[in-house]
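Below: final-v5.txt (compact mmCIF, C-alpha atoms and all ligand atoms)
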# COMPACT_ATOMS: atom_id res chain seq x y z
CA MET A 1 77.63 56.74 50.92
CA LYS A 2 76.88 57.79 54.48
CA LYS A 3 73.60 59.48 55.23
CA MET A 4 73.89 63.24 55.26
CA LEU A 5 71.62 65.68 57.02
CA HIS A 6 70.42 68.03 54.39
CA GLU A 7 67.64 70.51 54.14
CA GLU A 8 65.91 71.40 50.86
CA LEU A 9 65.26 75.14 50.82
CA ALA A 10 62.34 76.33 48.68
CA VAL A 11 63.49 79.52 46.99
CA PRO A 12 61.19 81.02 44.33
CA GLY A 13 62.90 81.26 40.94
CA TYR A 14 65.54 78.66 41.85
CA GLU A 15 65.48 75.02 40.79
CA ARG A 16 67.10 73.53 43.84
CA VAL A 17 68.85 74.93 46.91
CA VAL A 18 70.17 72.55 49.54
CA TYR A 19 71.80 73.25 52.90
CA LEU A 20 74.02 70.58 54.35
CA ASP A 21 75.11 70.26 57.96
CA ASP A 22 77.45 67.36 58.62
CA PRO A 23 78.69 67.73 62.21
CA SER A 24 80.81 64.55 61.91
CA VAL A 25 83.33 66.55 59.84
CA GLY A 26 82.22 70.10 60.67
CA LEU A 27 80.88 70.78 57.18
CA LYS A 28 78.21 73.39 56.62
CA ALA A 29 77.57 74.12 52.96
CA ILE A 30 74.96 75.25 50.47
CA VAL A 31 74.57 74.30 46.82
CA SER A 32 72.33 76.58 44.79
CA ILE A 33 71.12 75.55 41.35
CA HIS A 34 69.46 78.58 39.85
CA ASN A 35 68.62 77.30 36.39
CA THR A 36 69.47 74.37 34.11
CA ASN A 37 67.42 75.26 31.00
CA LEU A 38 70.58 75.61 28.92
CA GLY A 39 72.53 72.74 30.47
CA PRO A 40 73.91 71.52 33.80
CA SER A 41 74.57 74.34 36.21
CA CYS A 42 78.19 75.23 36.77
CA GLY A 43 79.93 77.62 39.11
CA GLY A 44 82.71 77.77 41.66
CA ILE A 45 82.86 76.78 45.30
CA ARG A 46 83.50 79.68 47.64
CA MET A 47 84.81 79.08 51.16
CA LEU A 48 84.30 81.91 53.64
CA PRO A 49 83.68 82.28 57.38
CA TYR A 50 80.15 83.62 56.85
CA ALA A 51 78.64 85.04 60.04
CA SER A 52 75.44 83.04 59.54
CA LYS A 53 73.63 80.56 57.33
CA GLU A 54 71.45 83.46 56.10
CA GLU A 55 74.48 85.46 54.99
CA ALA A 56 75.87 82.44 53.12
CA LEU A 57 72.49 81.80 51.52
CA LYS A 58 72.20 85.40 50.31
CA ASP A 59 75.65 85.15 48.72
CA VAL A 60 75.13 81.79 47.04
CA LEU A 61 71.72 82.78 45.65
CA ALA A 62 73.08 85.96 44.06
CA LEU A 63 76.18 84.20 42.74
CA SER A 64 74.30 81.25 41.22
CA LYS A 65 71.80 83.53 39.50
CA GLY A 66 74.71 85.60 38.20
CA MET A 67 76.21 82.43 36.70
CA SER A 68 72.95 81.68 34.83
CA TYR A 69 73.07 85.14 33.27
CA LYS A 70 76.80 85.03 32.52
CA SER A 71 76.63 81.62 30.86
CA ALA A 72 73.50 82.52 28.89
CA LEU A 73 75.18 85.64 27.54
CA ALA A 74 78.30 83.62 26.72
CA GLY A 75 76.16 81.30 24.58
CA ILE A 76 77.42 78.11 26.25
CA GLY A 77 75.47 75.03 27.32
CA PHE A 78 75.75 75.66 31.03
CA GLY A 79 73.13 76.78 33.49
CA GLY A 80 73.86 78.73 36.65
CA GLY A 81 74.92 77.24 39.96
CA LYS A 82 77.28 77.99 42.80
CA SER A 83 78.19 76.60 46.20
CA VAL A 84 79.52 77.94 49.46
CA ILE A 85 81.29 76.25 52.32
CA ILE A 86 80.75 78.08 55.58
CA GLY A 87 84.11 77.81 57.27
CA ASP A 88 87.54 79.18 57.99
CA PRO A 89 89.64 78.83 54.82
CA THR A 90 92.83 78.69 56.87
CA LYS A 91 91.60 75.41 58.38
CA LYS A 92 91.17 72.97 55.54
CA ASP A 93 90.50 69.37 56.36
CA PRO A 94 90.56 66.52 53.78
CA GLU A 95 87.56 64.90 55.50
CA LEU A 96 85.54 68.07 55.08
CA PHE A 97 86.28 68.20 51.35
CA ALA A 98 85.54 64.48 50.99
CA ALA A 99 82.15 65.03 52.62
CA PHE A 100 81.55 67.98 50.30
CA GLY A 101 82.32 65.65 47.37
CA GLU A 102 79.63 63.25 48.59
CA PHE A 103 77.24 66.18 48.86
CA LEU A 104 77.92 67.05 45.19
CA GLU A 105 77.01 63.52 44.11
CA MET A 106 73.52 64.15 45.43
CA PHE A 107 72.85 66.50 42.49
CA GLU A 108 73.70 63.82 39.92
CA GLY A 109 75.59 66.22 37.65
CA LYS A 110 73.01 69.01 37.65
CA TYR A 111 75.62 71.08 39.49
CA ILE A 112 79.26 71.02 38.42
CA ALA A 113 81.74 72.61 40.78
CA ALA A 114 84.92 74.52 40.03
CA LYS A 115 87.27 76.91 41.85
CA ASP A 116 86.22 80.15 43.42
CA MET A 117 87.36 82.24 46.36
CA ASN A 118 89.66 80.35 48.78
CA ILE A 119 89.41 77.06 46.90
CA SER A 120 92.55 75.70 45.25
CA SER A 121 93.20 72.90 42.80
CA ASP A 122 94.44 70.79 45.74
CA ASP A 123 91.09 71.28 47.48
CA LEU A 124 89.27 70.27 44.30
CA ARG A 125 91.42 67.14 44.08
CA MET A 126 90.21 66.11 47.54
CA ILE A 127 86.61 66.76 46.52
CA LYS A 128 87.09 64.81 43.31
CA LYS A 129 87.98 61.67 45.28
CA ARG A 130 84.27 61.44 46.09
CA SER A 131 82.61 63.26 43.21
CA ARG A 132 82.59 63.09 39.43
CA TYR A 133 81.27 66.61 39.14
CA VAL A 134 84.35 68.78 39.51
CA LEU A 135 86.16 70.71 36.75
CA GLY A 136 89.13 73.07 36.45
CA ILE A 137 91.79 71.19 38.42
CA ASP A 138 95.25 72.36 37.37
CA GLY A 139 97.60 69.60 36.31
CA GLU A 140 94.88 66.97 35.76
CA PRO A 141 94.77 65.32 32.33
CA GLY A 142 92.28 67.21 30.15
CA SER A 143 92.18 70.20 32.48
CA SER A 144 91.58 73.63 30.97
CA GLY A 145 94.29 75.22 33.13
CA ASP A 146 94.71 78.96 33.58
CA PRO A 147 91.59 80.66 32.14
CA SER A 148 93.08 84.15 31.99
CA PRO A 149 94.26 84.10 28.33
CA VAL A 150 90.71 83.17 27.29
CA THR A 151 89.23 85.82 29.57
CA ALA A 152 91.62 88.42 28.15
CA ARG A 153 90.63 87.46 24.60
CA GLY A 154 86.96 87.94 25.48
CA ILE A 155 87.67 91.33 27.06
CA LEU A 156 89.58 92.34 23.93
CA ARG A 157 86.57 91.42 21.78
CA GLY A 158 84.29 93.39 24.11
CA LEU A 159 86.73 96.30 23.86
CA GLU A 160 86.71 96.15 20.06
CA ALA A 161 82.91 96.20 19.91
CA THR A 162 82.86 99.11 22.38
CA VAL A 163 85.48 101.14 20.51
CA GLU A 164 83.51 100.67 17.31
CA GLU A 165 80.35 101.80 19.06
CA VAL A 166 81.88 104.88 20.69
CA PHE A 167 84.54 106.01 18.25
CA GLY A 168 83.33 104.34 15.04
CA LYS A 169 86.77 102.73 14.60
CA LYS A 170 87.50 99.11 13.67
CA SER A 171 91.08 99.36 14.94
CA LEU A 172 92.63 99.87 18.38
CA LYS A 173 95.51 101.85 16.82
CA GLY A 174 96.19 104.96 18.87
CA LEU A 175 93.64 103.95 21.54
CA LYS A 176 94.58 105.07 25.07
CA VAL A 177 93.61 102.56 27.75
CA ALA A 178 94.05 102.87 31.53
CA ILE A 179 94.27 99.40 33.07
CA GLN A 180 93.71 99.02 36.80
CA GLY A 181 95.49 95.80 37.83
CA ILE A 182 98.09 94.26 35.57
CA GLY A 183 97.79 90.66 36.78
CA HIS A 184 96.94 87.55 34.77
CA VAL A 185 94.15 89.01 32.68
CA GLY A 186 95.31 92.64 32.77
CA PHE A 187 98.75 91.81 31.41
CA SER A 188 97.43 89.56 28.64
CA LEU A 189 94.93 92.23 27.62
CA ALA A 190 97.59 94.96 27.72
CA GLN A 191 99.83 92.87 25.50
CA MET A 192 97.11 92.55 22.84
CA ILE A 193 96.25 96.26 22.99
CA VAL A 194 99.89 97.20 22.51
CA GLN A 195 100.25 94.69 19.67
CA GLN A 196 97.39 96.46 17.92
CA GLY A 197 99.03 99.87 18.29
CA GLY A 198 97.26 101.08 21.44
CA GLN A 199 98.89 102.84 24.39
CA ILE A 200 98.48 101.78 27.99
CA TRP A 201 98.60 103.38 31.43
CA VAL A 202 98.68 100.92 34.33
CA SER A 203 98.34 100.84 38.10
CA ASP A 204 98.87 97.94 40.48
CA ILE A 205 99.69 97.38 44.15
CA ASP A 206 102.45 95.00 43.07
CA GLN A 207 105.61 96.84 42.01
CA LYS A 208 106.96 93.77 40.20
CA ALA A 209 103.88 93.63 37.97
CA LEU A 210 104.34 97.33 37.15
CA ASP A 211 108.04 96.93 36.37
CA ARG A 212 107.25 94.07 33.99
CA ALA A 213 104.54 96.06 32.20
CA SER A 214 106.87 99.02 31.82
CA LYS A 215 109.79 96.91 30.58
CA GLU A 216 107.94 94.50 28.29
CA LEU A 217 105.05 96.65 27.06
CA GLY A 218 106.26 100.23 27.44
CA ALA A 219 103.34 100.93 29.80
CA HIS A 220 103.05 104.32 31.52
CA ILE A 221 102.94 103.71 35.27
CA VAL A 222 100.53 105.68 37.43
CA SER A 223 99.65 105.52 41.12
CA ASN A 224 96.66 103.54 42.36
CA ASP A 225 94.76 106.76 42.92
CA ALA A 226 95.83 108.60 39.75
CA ILE A 227 94.53 105.80 37.49
CA TYR A 228 91.05 107.37 37.74
CA ASP A 229 92.34 110.69 36.33
CA VAL A 230 94.19 109.38 33.30
CA ASP A 231 93.28 111.23 30.12
CA CYS A 232 92.36 108.09 28.21
CA ASP A 233 89.70 106.65 25.88
CA VAL A 234 88.90 103.54 27.92
CA PHE A 235 89.19 102.67 31.61
CA SER A 236 89.69 98.94 32.22
CA PRO A 237 89.07 97.62 35.77
CA CYS A 238 91.07 94.38 35.99
CA ALA A 239 91.82 94.19 39.72
CA ARG A 240 88.76 94.00 41.96
CA GLY A 241 85.07 94.92 42.15
CA GLY A 242 83.38 98.14 43.22
CA THR A 243 85.82 100.58 41.64
CA LEU A 244 83.10 102.30 39.59
CA ASN A 245 81.50 104.51 42.18
CA GLN A 246 80.25 108.05 42.70
CA GLN A 247 83.72 109.40 43.49
CA THR A 248 85.67 107.66 40.72
CA ILE A 249 83.04 108.23 38.00
CA ALA A 250 83.13 111.97 38.66
CA ARG A 251 86.88 111.94 37.92
CA PHE A 252 86.84 109.85 34.72
CA LYS A 253 88.02 111.38 31.44
CA CYS A 254 87.38 108.19 29.47
CA LYS A 255 84.52 107.54 27.04
CA ALA A 256 84.09 103.82 27.87
CA VAL A 257 84.69 101.22 30.58
CA VAL A 258 85.58 97.63 29.65
CA GLY A 259 87.35 95.28 32.04
CA CYS A 260 87.42 91.84 33.61
CA ALA A 261 86.82 92.49 37.32
CA ASN A 262 83.57 91.08 38.71
CA ASN A 263 80.90 93.43 40.11
CA GLN A 264 82.54 96.62 38.92
CA LEU A 265 79.58 98.85 39.79
CA ALA A 266 79.62 99.68 43.51
CA GLU A 267 75.85 100.05 43.20
CA GLU A 268 73.30 99.87 40.38
CA ARG A 269 73.03 103.69 40.29
CA ASP A 270 76.65 103.88 39.22
CA GLY A 271 75.64 102.35 35.89
CA LEU A 272 73.33 105.33 35.40
CA ARG A 273 76.00 107.75 36.61
CA LEU A 274 78.30 106.47 33.87
CA HIS A 275 75.53 106.70 31.28
CA GLU A 276 74.67 110.26 32.31
CA ARG A 277 78.32 111.26 31.93
CA GLY A 278 78.31 109.81 28.40
CA ILE A 279 80.59 106.91 29.33
CA LEU A 280 79.70 103.58 27.72
CA TYR A 281 79.92 100.79 30.30
CA ALA A 282 80.34 97.24 28.97
CA PRO A 283 78.61 95.14 31.67
CA ASP A 284 81.28 93.04 33.39
CA TYR A 285 79.37 89.74 33.26
CA ALA A 286 78.84 90.11 29.51
CA VAL A 287 82.53 90.58 28.71
CA ASN A 288 84.36 88.58 31.41
CA SER A 289 82.85 85.16 30.67
CA GLY A 290 86.12 83.70 29.34
CA GLY A 291 86.64 81.76 32.60
CA ILE A 292 83.32 79.90 32.39
CA ILE A 293 83.74 79.44 28.63
CA ASN A 294 87.08 77.78 29.35
CA ILE A 295 85.48 75.42 31.88
CA PHE A 296 82.66 74.62 29.47
CA VAL A 297 85.18 73.63 26.80
CA GLU A 298 86.90 71.40 29.38
CA TYR A 299 83.53 69.78 30.04
CA GLU A 300 83.23 68.97 26.34
CA GLY A 301 86.88 67.95 25.85
CA TYR A 302 89.44 70.70 26.18
CA ASP A 303 90.84 72.54 23.19
CA GLN A 304 92.13 76.07 23.80
CA ARG A 305 91.52 77.16 20.20
CA LYS A 306 87.86 76.27 20.61
CA ALA A 307 87.72 78.26 23.87
CA MET A 308 89.28 81.27 22.12
CA THR A 309 86.78 81.03 19.26
CA MET A 310 83.89 80.88 21.72
CA ALA A 311 85.30 83.92 23.56
CA ASP A 312 85.33 85.75 20.21
CA GLY A 313 81.52 85.51 20.34
CA ILE A 314 81.57 88.22 23.02
CA TYR A 315 82.05 90.72 20.17
CA ASP A 316 78.64 89.81 18.69
CA THR A 317 76.96 89.73 22.08
CA MET A 318 78.20 93.24 22.83
CA ASN A 319 77.02 94.50 19.45
CA GLU A 320 73.60 93.05 20.16
CA ILE A 321 73.52 94.71 23.59
CA TYR A 322 74.54 98.07 22.10
CA SER A 323 71.98 97.97 19.31
CA ARG A 324 69.19 97.01 21.71
CA ALA A 325 70.20 99.84 24.04
CA LYS A 326 70.11 102.33 21.16
CA LEU A 327 66.71 101.08 20.08
CA ALA A 328 65.37 101.34 23.62
CA LYS A 329 67.17 104.70 24.11
CA THR A 330 68.66 103.48 27.35
CA ALA A 331 71.94 102.41 28.96
CA PRO A 332 73.37 99.09 27.72
CA PHE A 333 73.63 97.68 31.24
CA LEU A 334 69.86 98.01 31.54
CA VAL A 335 69.14 95.76 28.53
CA THR A 336 71.74 93.10 29.29
CA ASP A 337 69.70 91.13 31.84
CA LYS A 338 66.77 91.09 29.41
CA LEU A 339 68.92 89.50 26.71
CA ALA A 340 70.16 86.88 29.19
CA GLU A 341 66.57 86.19 30.31
CA GLU A 342 65.38 85.70 26.74
CA ARG A 343 68.09 83.12 26.27
CA LEU A 344 67.23 81.45 29.57
CA TYR A 345 63.46 81.48 29.44
CA GLY A 346 62.66 82.30 25.79
CA ARG A 347 61.03 85.47 24.50
CA ASN A 348 57.72 86.50 26.04
P1 LIG B 1 95.27 88.54 39.36
O1 LIG B 1 95.28 88.35 40.82
O2 LIG B 1 96.23 87.79 38.52
O3 LIG B 1 95.45 90.11 39.01
C1 LIG B 1 94.90 91.13 39.74
C2 LIG B 1 95.93 92.24 39.83
O4 LIG B 1 95.35 93.37 40.47
C3 LIG B 1 97.17 91.84 40.65
O5 LIG B 1 98.34 92.16 39.95
C4 LIG B 1 97.02 92.68 41.93
O6 LIG B 1 98.27 93.03 42.49
C5 LIG B 1 96.27 93.87 41.40
N1 LIG B 1 95.53 94.64 42.40
C6 LIG B 1 94.88 94.19 43.51
N2 LIG B 1 94.32 95.23 44.15
C7 LIG B 1 94.59 96.33 43.43
C8 LIG B 1 94.26 97.69 43.57
N3 LIG B 1 93.55 98.13 44.61
N4 LIG B 1 94.69 98.57 42.64
C9 LIG B 1 95.42 98.15 41.58
N5 LIG B 1 95.78 96.86 41.40
C10 LIG B 1 95.37 95.96 42.31
O7 LIG B 1 93.77 88.26 38.89
P2 LIG B 1 93.23 88.01 37.41
O8 LIG B 1 93.10 86.57 37.19
O9 LIG B 1 94.00 88.86 36.46
O10 LIG B 1 91.75 88.59 37.56
C11 LIG B 1 91.53 89.97 37.71
C12 LIG B 1 90.09 90.23 38.12
O11 LIG B 1 89.20 89.71 37.12
C13 LIG B 1 89.67 89.55 39.43
O12 LIG B 1 88.77 90.43 40.06
C14 LIG B 1 88.95 88.29 38.97
O13 LIG B 1 87.97 87.88 39.89
C15 LIG B 1 88.29 88.78 37.68
N6 LIG B 1 88.07 87.70 36.71
C16 LIG B 1 89.12 86.92 36.33
C17 LIG B 1 88.92 85.89 35.42
C18 LIG B 1 90.07 85.02 34.99
O14 LIG B 1 89.90 84.24 34.06
N7 LIG B 1 91.24 85.12 35.59
C19 LIG B 1 87.64 85.66 34.89
C20 LIG B 1 86.59 86.49 35.28
C21 LIG B 1 86.82 87.51 36.19

Re-express the file's structure as C-alpha cells.
Amino acid sequence: MKKMLHEELAVPGYERVVYLDDPSVGLKAIVSIHNTNLGPSCGGIRMLPYASKEEALKDVLALSKGMSYKSALAGIGFGGGKSVIIGDPTKKDPELFAAFGEFLEMFEGKYIAAKDMNISSDDLRMIKKRSRYVLGIDGEPGSSGDPSPVTARGILRGLEATVEEVFGKKSLKGLKVAIQGIGHVGFSLAQMIVQQGGQIWVSDIDQKALDRASKELGAHIVSNDAIYDVDCDVFSPCARGGTLNQQTIARFKCKAVVGCANNQLAEERDGLRLHERGILYAPDYAVNSGGIINIFVEYEGYDQRKAMTMADGIYDTMNEIYSRAKLAKTAPFLVTDKLAEERLYGRN
C-alpha cells in the first residue's frame, strides 16, 4: 500500500476522525468514526463539492453521530460512522475510488462503508477492489439489494405504534394517510396501508409515480402544495428533509407524522411546534432505520426475512419512546436521544 498523507483530527466525543489528502489522485476525504461500543461503525460515503474542509467536517461529524443514534435505536450491532469525499460527483475517477479504498483499509474494519449521496454501486465496486470494508453493492453475491421494502416495513411498524398511541386503535382500517413522495419507500408503505384498509392521498413531482399510485392503489392525487392541507389522520413525509416547518405545521390537519425522509424537522423548534399543536411526531431516525438494518443483516449473511423481523422491532422502540415521553410529560422527540444514549453508553 502506498503511503498516504493523513491527518488525525482530535474531536471530543468521537473515537477517530481522519482527513486524507492524496494529491496524486486528487482525493480529499474524511472518515468519521463516532462510536463503536455496539459494533463496527457503519454509514454511507457521501460525495459533494464542499466549499471547504471545515464544511465537509461539520457534515461528516453530524452524519456519523446520527448513525450511532440510528443504529442504537434499531437495536443492531453497528456503531456510527460516515465518510465524505470532497469532490465533484460528475467527475468520478477509478483511481480516486481505489485510493479511497486504501484509505478505508487503514481503519481495519472499524468503519464499514456503504452508499450515500452521489455514490453508486459501480463506485463501491471500484472501492472494493482495494478494501474489504464495503457493503450494499447491488448485484454482488450476498448483497442486501434495495433496502426500501425493509424501510417501508419499519415505517409501517412505527405507524402502527403511533396510531395505537394517538387513536387507541390496533388496526389501520379507515386510517387516512397523506404521503408526500410515492417513490421506493412511499409506494411500498402505501401498498401496505391500503392492504390494511387505510386510505391514501399522495403528492409527487413525478407524474408517472402518481399515475401508478392512482391506478394500482386507488390513491387520491393532490398537488405538491395541497398535501399539507389534506384532512387526514397521519402525514407521512417520504420525499425529502425539512418539510416540517413553521409554515407547513400551521396548515396540518393530521394528528401524527410518521415517514421515512431524513431530517424532517427544518429546525429543532419544529418538533415543539408539532407537540404544541397536539401532533405526535415519530422521530425520523427512530422509524427509518430499515436501510441500516438491511446492511447489518448483509454484514451477518443476508436473509430478507431476518431483516424484516428486525425492522418489526421498530414497533417496540416506538412504544418505549412514547411511554417515556408520557412519563416525562414531554414530546417524544425529546426523549429519543436519551434512549439512544443509554444504549450507547449505558444508563447513568
Ligand atoms: P425515491 O427517490 O425512490 O422516492 C422519493 C420520491 O419523492 C420520488 O418519487 C420523487 O419524485 C419524490 N419527490 C421528490 N421531491 C418531491 C417533492 N418536493 N414533493 C413531492 N415528492 C417529491 O426515494 P426513497 O428510497 O423512496 O426514499 C425516500 C426518502 O426516504 C429519501 O429522503 C431517503 O433519503 C429517505 N430514506 C430512504 C431509505 C430507503 O431505504 N430507501 C432509508 C432511510 C431514509

Can you build me a table of chain A residues sitting at most 8 Å from ligand LIG 1 (chain B), with the closest atom pair per residue and its distance in Å to one decimal, using only C-alpha atoms and all ligand atoms, sorted by chain and residue number, as a Markdown table?
| residue | atom | partner | partner_atom | distance |
| --- | --- | --- | --- | --- |
| A:Asp146 | CA | B:LIG1 | O14 | 7.2 |
| A:Pro147 | CA | B:LIG1 | O14 | 4.4 |
| A:Ser148 | CA | B:LIG1 | O14 | 3.8 |
| A:Pro149 | CA | B:LIG1 | O14 | 7.2 |
| A:Val150 | CA | B:LIG1 | O14 | 6.9 |
| A:Thr151 | CA | B:LIG1 | O14 | 4.8 |
| A:Ala152 | CA | B:LIG1 | O14 | 7.4 |
| A:Gln180 | CA | B:LIG1 | C9 | 5.2 |
| A:Gly181 | CA | B:LIG1 | O4 | 3.6 |
| A:Ile182 | CA | B:LIG1 | O5 | 4.9 |
| A:Gly183 | CA | B:LIG1 | O3 | 3.3 |
| A:His184 | CA | B:LIG1 | O9 | 3.6 |
| A:Val185 | CA | B:LIG1 | O9 | 3.8 |
| A:Gly186 | CA | B:LIG1 | O9 | 5.4 |
| A:Phe187 | CA | B:LIG1 | O9 | 7.5 |
| A:Ser203 | CA | B:LIG1 | C9 | 5.3 |
| A:Asp204 | CA | B:LIG1 | N5 | 3.4 |
| A:Ile205 | CA | B:LIG1 | N5 | 4.8 |
| A:Asp206 | CA | B:LIG1 | O6 | 4.7 |
| A:Ala209 | CA | B:LIG1 | O5 | 6.1 |
| A:Asn224 | CA | B:LIG1 | N4 | 5.4 |
| A:Pro237 | CA | B:LIG1 | C12 | 7.8 |
| A:Cys238 | CA | B:LIG1 | C11 | 4.8 |
| A:Ala239 | CA | B:LIG1 | O4 | 3.7 |
| A:Arg240 | CA | B:LIG1 | O12 | 4.0 |
| A:Gly241 | CA | B:LIG1 | O12 | 6.2 |
| A:Gly259 | CA | B:LIG1 | O11 | 7.8 |
| A:Cys260 | CA | B:LIG1 | O11 | 4.5 |
| A:Ala261 | CA | B:LIG1 | O11 | 3.7 |
| A:Asn262 | CA | B:LIG1 | C15 | 5.4 |
| A:Asn288 | CA | B:LIG1 | C20 | 4.9 |
| A:Ser289 | CA | B:LIG1 | C20 | 6.1 |
| A:Gly290 | CA | B:LIG1 | O14 | 6.1 |
| A:Gly291 | CA | B:LIG1 | O14 | 4.3 |
| A:Ile292 | CA | B:LIG1 | C19 | 7.6 |

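If you look at CA of Leu265 in chain A and CA of Asp225 in chain A, they are 17.4 Å away from each other.
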
Residue neighbourhood Asp138 in chain A, 10 Å, all atoms listed in the file, exclusion window fewer than 2 positions, as a list in words: Ser120, Ser121, Asp122, Leu124, Arg125, Leu135, Gly136, Glu140, Pro141, Gly142, Ser143, Ser144, Gly145 and Asp146 of chain A

Within 9 Å of Lys53 in chain A using all atoms listed in the file, minus same-chain residues under 4 positions, as number ranges by chain: A: 19, 28-30, 57-58, 86

Just the number, please: distance in Å from CA of Glu105 in chain A to CA of Gly44 in chain A, one decimal.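 CA of Gly44 in chain A lies 15.5 Å from CA of Glu105 in chain A.
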
Two-atom distance - CA of Phe235 in chain A, CA of Gln196 in chain A (Å):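 According to the coordinates, CA of Phe235 in chain A and CA of Gln196 in chain A are separated by 17.1 Å.
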
Which polymer residues have any atom within 10 Å of an atom of Pro40 in chain A, counting all atoms listed in the file, with same-chain residues fewer than 5 positions away left out, as a list of chain:residue names?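 The residues satisfying every condition are A:Ile33, A:Asn35, A:Gly77, A:Phe78, A:Gly79, A:Gly80, A:Gly81, A:Glu108, A:Gly109, A:Lys110, A:Tyr111, A:Ile112.
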
Near Leu172 in chain A, counting all atoms listed in the file, which residues have an atom at most 10 Å away, once you skip same-chain residues fewer than 3 positions from it, shown as a list in words?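 Within the cut-off, the hits are Leu156, Leu159, Glu160, Val163, Glu164, Lys169, Leu175, Lys176, Val177, Met192, Ile193, Val194, Gln195, Gln196, Gly197, Gly198 and Gln199 of chain A.
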
Write out as a list of chain:residue names each polymer residue whose atoms come within 12 Å of Arg305 in chain A, counting all atoms listed in the file; drop sequence neighbours fewer than 5 positions from it. A:Ser144, A:Pro149, A:Val150, A:Arg153, A:Ile293, A:Asn294, A:Val297, A:Glu298, A:Met310, A:Ala311, A:Asp312

File dump, residues just selected, C-alpha atoms, as a PDB file, in the frame of the given file:
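Below you can see again-v7.pdb, which holds the result:
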ATOM      1  CA  SER A 144      91.580  73.630  30.970  1.00  0.00           C
ATOM      2  CA  PRO A 149      94.260  84.100  28.330  1.00  0.00           C
ATOM      3  CA  VAL A 150      90.710  83.170  27.290  1.00  0.00           C
ATOM      4  CA  ARG A 153      90.630  87.460  24.600  1.00  0.00           C
ATOM      5  CA  ILE A 293      83.740  79.440  28.630  1.00  0.00           C
ATOM      6  CA  ASN A 294      87.080  77.780  29.350  1.00  0.00           C
ATOM      7  CA  VAL A 297      85.180  73.630  26.800  1.00  0.00           C
ATOM      8  CA  GLU A 298      86.900  71.400  29.380  1.00  0.00           C
ATOM      9  CA  MET A 310      83.890  80.880  21.720  1.00  0.00           C
ATOM     10  CA  ALA A 311      85.300  83.920  23.560  1.00  0.00           C
ATOM     11  CA  ASP A 312      85.330  85.750  20.210  1.00  0.00           C
TER      12      ASP A 312
END

Calculated over all atoms listed in the file, which of the candidates A:Ile76, A:Met47, A:Val258, A:Cys42 has the smallest distance to Asp284 in chain A?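 With all atoms listed in the file as the atom set, the closest residue is A:Val258.
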
Counting only C-alpha atoms, which residues in range 175-291 of chain A sit no more than 10 Å from range 331-345 of chain A? For each one, give the nearest pair of atoms and the distance in Å, sorted by chain then residue number, as JSON lines.
{"residue": "A:Glu268", "atom": "CA", "partner": "A:Phe333", "partner_atom": "CA", "distance": 9.4}
{"residue": "A:Gly271", "atom": "CA", "partner": "A:Phe333", "partner_atom": "CA", "distance": 6.9}
{"residue": "A:Leu272", "atom": "CA", "partner": "A:Ala331", "partner_atom": "CA", "distance": 7.2}
{"residue": "A:Leu274", "atom": "CA", "partner": "A:Ala331", "partner_atom": "CA", "distance": 9.0}
{"residue": "A:His275", "atom": "CA", "partner": "A:Ala331", "partner_atom": "CA", "distance": 6.1}
{"residue": "A:Glu276", "atom": "CA", "partner": "A:Ala331", "partner_atom": "CA", "distance": 9.0}
{"residue": "A:Gly278", "atom": "CA", "partner": "A:Ala331", "partner_atom": "CA", "distance": 9.8}
{"residue": "A:Ile279", "atom": "CA", "partner": "A:Ala331", "partner_atom": "CA", "distance": 9.8}
{"residue": "A:Leu280", "atom": "CA", "partner": "A:Pro332", "partner_atom": "CA", "distance": 7.8}
{"residue": "A:Tyr281", "atom": "CA", "partner": "A:Phe333", "partner_atom": "CA", "distance": 7.1}
{"residue": "A:Ala282", "atom": "CA", "partner": "A:Phe333", "partner_atom": "CA", "distance": 7.1}
{"residue": "A:Pro283", "atom": "CA", "partner": "A:Phe333", "partner_atom": "CA", "distance": 5.6}
{"residue": "A:Asp284", "atom": "CA", "partner": "A:Phe333", "partner_atom": "CA", "distance": 9.2}
{"residue": "A:Tyr285", "atom": "CA", "partner": "A:Thr336", "partner_atom": "CA", "distance": 9.2}
{"residue": "A:Ala286", "atom": "CA", "partner": "A:Thr336", "partner_atom": "CA", "distance": 7.7}

Residues within 10 Å of (78.7, 65.8, 57.0), counting all atoms listed in the file, listed as a ChimeraX atom specification: /A:2-6,20-29,95-100,102-103
